[in-house]
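Structure file coords-v1.tsv (TSV, C-alpha atoms) is printed below.
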```
chain	number	residue	atom	x	y	z
I	1	MET	CA	-18.51	-8.35	5.34
I	2	VAL	CA	-18.69	-8.08	1.55
I	3	ARG	CA	-22.41	-7.39	1.54
I	4	GLU	CA	-22.46	-4.91	4.42
I	5	GLN	CA	-19.15	-3.07	4.11
I	6	LEU	CA	-18.04	-3.06	0.50
I	7	ALA	CA	-20.89	-1.10	-1.01
I	8	GLY	CA	-19.44	0.99	-3.82
I	9	ILE	CA	-16.83	-1.61	-4.81
I	10	ARG	CA	-17.71	-2.76	-8.33
I	11	ASP	CA	-14.86	-5.04	-9.45
I	12	PRO	CA	-16.26	-8.59	-9.16
I	13	ARG	CA	-12.78	-10.13	-8.83
I	14	VAL	CA	-11.97	-7.88	-5.88
I	15	LEU	CA	-15.28	-8.70	-4.20
I	16	GLN	CA	-14.75	-12.43	-4.68
I	17	VAL	CA	-11.24	-12.40	-3.22
I	18	MET	CA	-12.29	-10.20	-0.30
I	19	GLY	CA	-14.94	-12.80	0.47
I	20	GLU	CA	-12.48	-15.68	0.30
I	21	VAL	CA	-9.33	-14.53	2.13
I	22	PRO	CA	-9.73	-15.47	5.84
I	23	ARG	CA	-9.17	-12.07	7.44
I	24	HIS	CA	-9.24	-13.45	11.00
I	25	LEU	CA	-5.90	-15.20	10.38
I	26	PHE	CA	-4.17	-11.83	10.04
I	27	VAL	CA	-4.87	-10.53	13.57
I	28	ASP	CA	-4.17	-11.84	17.06
I	29	GLU	CA	-6.53	-14.58	18.20
I	30	ALA	CA	-8.05	-12.21	20.77
I	31	LEU	CA	-9.17	-9.92	17.94
I	32	ALA	CA	-10.42	-12.64	15.60
I	33	GLY	CA	-14.04	-11.93	16.50
I	34	ARG	CA	-13.62	-8.34	15.26
I	35	ALA	CA	-11.71	-9.20	12.10
I	36	TYR	CA	-14.68	-8.81	9.76
I	37	GLY	CA	-15.97	-5.60	11.29
I	38	CYS	CA	-15.54	-2.10	9.94
I	39	ALA	CA	-12.74	-1.03	12.29
I	40	THR	CA	-9.00	-0.70	11.77
I	41	LEU	CA	-7.24	-3.25	14.03
I	42	PRO	CA	-3.82	-3.20	15.72
I	43	ILE	CA	-1.23	-5.77	14.59
I	44	GLY	CA	1.64	-4.75	16.90
I	45	ASN	CA	4.63	-2.41	16.62
I	46	GLY	CA	2.29	0.54	16.27
I	47	GLN	CA	0.99	-0.78	12.93
I	48	THR	CA	-2.57	-1.53	11.88
I	49	LEU	CA	-4.70	-3.70	9.62
I	50	SER	CA	-6.82	-1.42	7.45
I	51	ARG	CA	-10.59	-1.83	7.50
I	52	PRO	CA	-12.01	-4.05	4.75
I	53	TYR	CA	-13.37	-1.19	2.65
I	54	THR	CA	-9.95	0.51	2.51
I	55	VAL	CA	-8.25	-2.69	1.34
I	56	ALA	CA	-10.92	-3.27	-1.30
I	57	ARG	CA	-10.91	0.36	-2.47
I	58	MET	CA	-7.13	0.48	-2.91
I	59	THR	CA	-7.09	-2.89	-4.63
I	60	GLU	CA	-9.85	-1.87	-7.03
I	61	ALA	CA	-8.06	1.40	-7.82
I	62	LEU	CA	-5.09	-0.60	-9.12
I	63	ALA	CA	-7.31	-2.06	-11.90
I	64	LEU	CA	-5.55	-5.42	-11.84
I	65	THR	CA	-6.07	-7.88	-14.70
I	66	GLY	CA	-3.98	-10.78	-13.39
I	67	SER	CA	-0.80	-10.28	-15.41
I	68	GLU	CA	0.84	-7.54	-13.35
I	69	GLU	CA	3.89	-7.47	-11.13
I	70	VAL	CA	2.93	-5.39	-8.09
I	71	LEU	CA	5.18	-3.70	-5.55
I	72	GLU	CA	3.60	-3.39	-2.11
I	73	ILE	CA	5.17	-1.07	0.47
I	74	GLY	CA	4.21	-2.07	4.00
I	75	THR	CA	3.58	-5.82	4.27
I	76	GLY	CA	2.14	-5.50	7.77
I	77	SER	CA	0.19	-8.61	8.72
I	78	GLY	CA	0.08	-9.73	5.09
I	79	TYR	CA	-3.66	-9.33	4.52
I	80	GLN	CA	-3.39	-6.81	1.69
I	81	THR	CA	-0.55	-8.91	0.30
I	82	ALA	CA	-2.79	-11.98	0.23
I	83	VAL	CA	-5.52	-10.08	-1.62
I	84	LEU	CA	-3.05	-8.79	-4.20
I	85	ALA	CA	-1.45	-12.22	-4.64
I	86	ARG	CA	-4.83	-13.64	-5.66
I	87	LEU	CA	-5.32	-10.93	-8.28
I	88	CYS	CA	-1.95	-10.43	-10.00
I	89	ARG	CA	0.95	-12.47	-11.34
I	90	ARG	CA	3.46	-11.66	-8.60
I	91	VAL	CA	3.72	-9.45	-5.53
I	92	PHE	CA	6.99	-7.92	-4.33
I	93	THR	CA	6.42	-6.73	-0.78
I	94	VAL	CA	8.68	-4.63	1.48
I	95	GLU	CA	8.38	-4.34	5.27
I	96	ARG	CA	10.83	-2.55	7.59
I	97	LEU	CA	9.84	-4.56	10.69
I	98	ALA	CA	11.26	-8.10	10.60
I	99	ASN	CA	8.75	-9.67	13.01
I	100	LEU	CA	5.80	-8.44	10.94
I	101	ALA	CA	7.40	-9.63	7.70
I	102	ASP	CA	8.09	-13.07	9.17
I	103	GLY	CA	4.54	-13.42	10.45
I	104	ALA	CA	3.11	-12.41	7.08
I	105	ARG	CA	5.33	-14.91	5.27
I	106	GLN	CA	4.09	-17.74	7.49
I	107	ARG	CA	0.43	-16.83	6.98
I	108	LEU	CA	0.71	-16.60	3.22
I	109	ARG	CA	2.62	-19.88	3.06
I	110	HIS	CA	-0.17	-21.47	5.13
I	111	LEU	CA	-2.69	-20.18	2.57
I	112	GLY	CA	-0.68	-21.62	-0.32
I	113	LEU	CA	0.22	-18.23	-1.80
I	114	HIS	CA	3.68	-18.68	-3.29
I	115	ASN	CA	3.80	-15.84	-5.84
I	116	VAL	CA	5.15	-13.37	-3.27
I	117	CYS	CA	8.73	-12.09	-2.89
I	118	TYR	CA	9.66	-10.55	0.48
I	119	ARG	CA	12.24	-7.99	1.58
I	120	ILE	CA	12.95	-6.43	4.97
I	121	ALA	CA	14.07	-2.94	4.01
I	122	ASP	CA	13.24	0.76	3.91
I	123	GLY	CA	10.03	0.83	1.89
I	124	SER	CA	10.33	4.52	1.08
I	125	LEU	CA	13.25	3.56	-1.19
I	126	GLY	CA	11.20	0.96	-3.08
I	127	TRP	CA	12.43	-2.49	-4.04
I	128	PRO	CA	16.12	-2.89	-3.12
I	129	GLU	CA	17.13	-4.27	-6.54
I	130	PRO	CA	16.61	-2.34	-9.80
I	131	ARG	CA	13.21	-3.27	-11.22
I	132	LEU	CA	10.13	-1.73	-12.81
I	133	PHE	CA	6.61	-2.56	-11.63
I	134	ASP	CA	3.22	-2.45	-13.32
I	135	ARG	CA	1.55	-1.33	-10.10
I	136	ILE	CA	2.77	0.07	-6.77
I	137	LEU	CA	0.63	0.18	-3.63
I	138	VAL	CA	1.85	2.01	-0.53
I	139	ALA	CA	0.02	1.14	2.70
I	140	ALA	CA	1.44	4.04	4.75
I	141	GLY	CA	1.16	7.80	4.57
I	142	THR	CA	3.92	10.07	3.32
I	143	PRO	CA	4.32	13.86	3.22
I	144	VAL	CA	5.57	13.73	-0.39
I	145	VAL	CA	5.52	10.87	-2.91
I	146	PRO	CA	9.04	9.36	-2.77
I	147	ASP	CA	11.02	9.82	-6.00
I	148	ASN	CA	12.40	6.29	-5.71
I	149	LEU	CA	8.91	4.82	-5.98
I	150	THR	CA	7.98	6.93	-8.99
I	151	ARG	CA	11.17	5.84	-10.75
I	152	GLN	CA	10.26	2.16	-10.26
I	153	LEU	CA	6.89	2.58	-11.99
I	154	ALA	CA	6.75	1.15	-15.53
I	155	VAL	CA	5.21	3.05	-18.44
I	156	GLY	CA	1.47	2.40	-18.39
I	157	GLY	CA	1.58	1.62	-14.68
I	158	SER	CA	-0.01	3.27	-11.65
I	159	LEU	CA	1.14	4.10	-8.13
I	160	LEU	CA	-1.31	4.40	-5.25
I	161	ILE	CA	-0.19	6.21	-2.10
I	162	PRO	CA	-1.63	8.20	0.83
I	163	GLU	CA	-0.09	11.71	0.89
I	164	GLY	CA	-0.41	14.40	3.54
I	165	ASN	CA	0.33	14.98	7.21
I	166	ALA	CA	-0.35	12.88	10.30
I	167	GLN	CA	-3.94	14.09	10.67
I	168	SER	CA	-5.11	14.49	7.06
I	169	GLN	CA	-4.13	12.52	3.97
I	170	TYR	CA	-5.48	11.98	0.49
I	171	LEU	CA	-5.23	8.82	-1.56
I	172	ILE	CA	-3.19	9.77	-4.62
I	173	ARG	CA	-2.89	7.81	-7.87
I	174	LEU	CA	0.03	8.51	-10.18
I	175	LEU	CA	-0.20	7.23	-13.75
I	176	ARG	CA	2.96	6.97	-15.87
I	177	GLN	CA	1.74	7.72	-19.37
I	178	ALA	CA	5.23	7.89	-20.88
I	179	GLU	CA	8.83	7.76	-19.69
I	180	ASP	CA	8.78	11.47	-18.80
I	181	VAL	CA	5.03	12.00	-18.35
I	182	VAL	CA	3.37	11.25	-15.00
I	183	CYS	CA	-0.12	12.49	-14.18
I	184	ARG	CA	-1.76	12.70	-10.80
I	185	GLU	CA	-5.25	12.01	-9.49
I	186	VAL	CA	-6.66	12.71	-6.02
I	187	LEU	CA	-9.11	9.91	-5.22
I	188	GLU	CA	-10.40	10.51	-1.67
I	189	SER	CA	-9.44	11.37	1.90
I	190	CYS	CA	-7.85	8.67	4.08
I	191	ARG	CA	-5.65	8.12	7.12
I	192	PHE	CA	-2.75	5.68	7.42
I	193	VAL	CA	0.17	5.07	9.75
I	194	PRO	CA	3.29	7.01	8.64
I	195	LEU	CA	5.75	5.70	6.06
I	196	VAL	CA	8.99	5.78	8.03
I	197	GLY	CA	12.22	5.87	6.06
I	198	GLU	CA	14.80	7.90	4.19
I	199	GLN	CA	12.20	9.31	1.79
I	200	GLY	CA	9.31	9.21	4.24
I	201	TRP	CA	8.89	10.38	7.81
I	202	ALA	CA	12.40	10.32	9.27
I	203	VAL	CA	11.33	12.07	12.52
I	204	PRO	CA	8.20	11.76	14.70
I	205	VAL	CA	5.35	12.93	12.51
I	206	LYS	CA	3.83	15.36	15.01
I	207	ALA	CA	7.13	17.19	15.32
I	208	ALA	CA	8.01	17.23	11.62
I	209	PRO	CA	9.41	20.68	10.72
I	210	SER	CA	8.55	22.49	7.52
I	211	ASP	CA	12.10	22.09	6.21
I	212	LEU	CA	11.58	18.29	6.24
I	213	LEU	CA	8.87	18.69	3.60
I	214	ARG	CA	11.24	20.81	1.51
I	215	ARG	CA	14.00	18.22	1.84
I	216	LEU	CA	11.72	15.34	0.90
I	217	SER	CA	10.50	17.14	-2.20
I	218	GLY	CA	13.96	18.29	-3.21
I	219	GLY	CA	12.92	21.90	-2.71
I	220	ALA	CA	10.58	21.77	-5.70
I	221	THR	CA	7.16	20.57	-6.71
I	222	PRO	CA	7.25	17.04	-8.24
I	223	SER	CA	7.02	17.11	-12.04
I	224	VAL	CA	3.55	15.61	-12.34
I	225	THR	CA	0.44	16.99	-14.01
I	226	PRO	CA	-3.24	16.48	-13.24
I	227	CYS	CA	-4.99	13.68	-15.12
I	228	HIS	CA	-7.74	14.70	-17.51
```

Could you quickly redo this structure as structure tokens?
Amino acid sequence: MVREQLAGIRDPRVLQVMGEVPRHLFVDEALAGRAYGCATLPIGNGQTLSRPYTVARMTEALALTGSEEVLEIGTGSGYQTAVLARLCRRVFTVERLANLADGARQRLRHLGLHNVCYRIADGSLGWPEPRLFDRILVAAGTPVVPDNLTRQLAVGGSLLIPEGNAQSQYLIRLLRQAEDVVCREVLESCRFVPLVGEQGWAVPVKAAPSDLLRRLSGGATPSVTPCH
């Protein structure tokens, strides 16, 4: 998998962890034979396990050194969580679906990964308790970057999130350079399941009206500038 699918990934720590985390444990037994392929796989409840390259690319884009506290939005099966837990100090992960969160907790406990804190909550609102994070990774697409997530990003930190509509999204990286200075980078095109919640998709994505986008953005363009 690492040799054939992760061409372009340069971080040696990311490559090592991707080669060590047993991906087949994070899908149903019937799909275990396809776990190391290049396809996105279903995990139930309309959610998916991203293909290996996507997980590696997003992880590498966080530029983890091992000392960070990372907020993950969308625990899913726990595979991305497991990769992050091997590369940072602590992961705080939020999942809105209790059965997925419980399954992920059991898998990570089985793997001996105990530096993970779990919450079942609306991920579009961020971590339920007040806290700042060094990195934030969102594993679901949103029409507009939620303000709550930006506010939970520490100075010097970065937020990675897919932004766009149901058919076309771009992977966005926000960098907080100072308390009131956030810059924005567009990394590449992508496609994720929708981020459902108060500051995400609150109605079926295909039927989302234009006034929803205005409401989510507060009627104005977010105060971020391009990175140079």

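If you measure from each of I:Ser124, I:Gln47, I:Gln177, I:Thr40 to Leu71 of chain I using only C-alpha atoms, the closest one turns out to be I:Ser124.
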
Spatial neighbours of Arg57 of chain I, 7 Å, all atoms listed in the file, chain gap at least 4 places, as a ChimeraX atom specification: /I:9,53,61

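The closest residue to Arg89 of chain I, picked from I:Gly46, I:Gly66, I:Pro143, I:Pro52 and counting only C-alpha atoms, is I:Gly66.
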
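Nearest to Phe26 of chain I of all the residues I:Gln106, I:Ser77, I:Thr54, I:Thr48 is I:Ser77, counting only C-alpha atoms.
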
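Taking all atoms listed in the file into account, Gly197 of chain I lies nearest to I:Ile73 out of the set I:Ala98, I:Ile73, I:Ile136, I:Leu153.
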
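Of the listed residues I:Ala154, I:Ala85, I:Leu174, I:Val17, the one whose atoms come nearest to Arg109 of chain I is I:Ala85, with distances taken using only C-alpha atoms.
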
With only C-alpha atoms as the atoms that count, which of I:Val2, I:Thr65, I:Tyr79, I:Ser158 lies nearest to Pro22 of chain I? I:Tyr79

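Rounded to one decimal, atom CA of His110 of chain I and atom CA of Arg86 of chain I lie 14.1 Å from each other.
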
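Omitting Glu198 of chain I and its sequence neighbours fewer than 3 positions away, and counting only C-alpha atoms, the residues within 9 Å are I:Asp122, I:Gly123, I:Ser124, I:Leu125, I:Trp201, I:Ala202, I:Leu216.
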
Spatial neighbours of Val155 of chain I, max dist 7 Å, only C-alpha atoms, sep filter under 6 positions, as a VMD selection string: chain I and resid 176 to 179

Please tell me which residues are no farther than 8 Å from (0.9, -12.0, -12.9) in the file, counting only C-alpha atoms, and write them as a list in words. Gly66, Ser67, Glu68, Glu69, Leu87, Cys88, Arg89 and Arg90 of chain I

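The two atoms in question, atom CA of Glu20 of chain I and atom CA of Met1 of chain I, are spaced 10.7 Å apart.
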
Just how far from atom CA of Arg191 of chain I is atom CA of Glu129 of chain I, in Å to one decimal? 29.3 Å

So which residues touch Arg135 of chain I within 6 Å, counting all atoms listed in the file, skipping near sequence neighbours fewer than 6 positions away, as a PyMOL selection string? chain I and resi 70+157-159

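For Gln169 of chain I, the residues within 6 Å (counting only C-alpha atoms, excluding itself and residues fewer than 4 positions away along the chain) are Pro162, Glu163, Gly164, Ser189, Cys190 and Arg191 of chain I.
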
Just-selected residues, C-alpha atoms written as a CSV table (one decimal), keeping the file's coordinate frame:
```csv
chain,number,residue,atom,x,y,z
I,162,PRO,CA,-1.6,8.2,0.8
I,163,GLU,CA,-0.1,11.7,0.9
I,164,GLY,CA,-0.4,14.4,3.5
I,189,SER,CA,-9.4,11.4,1.9
I,190,CYS,CA,-7.8,8.7,4.1
I,191,ARG,CA,-5.6,8.1,7.1
```
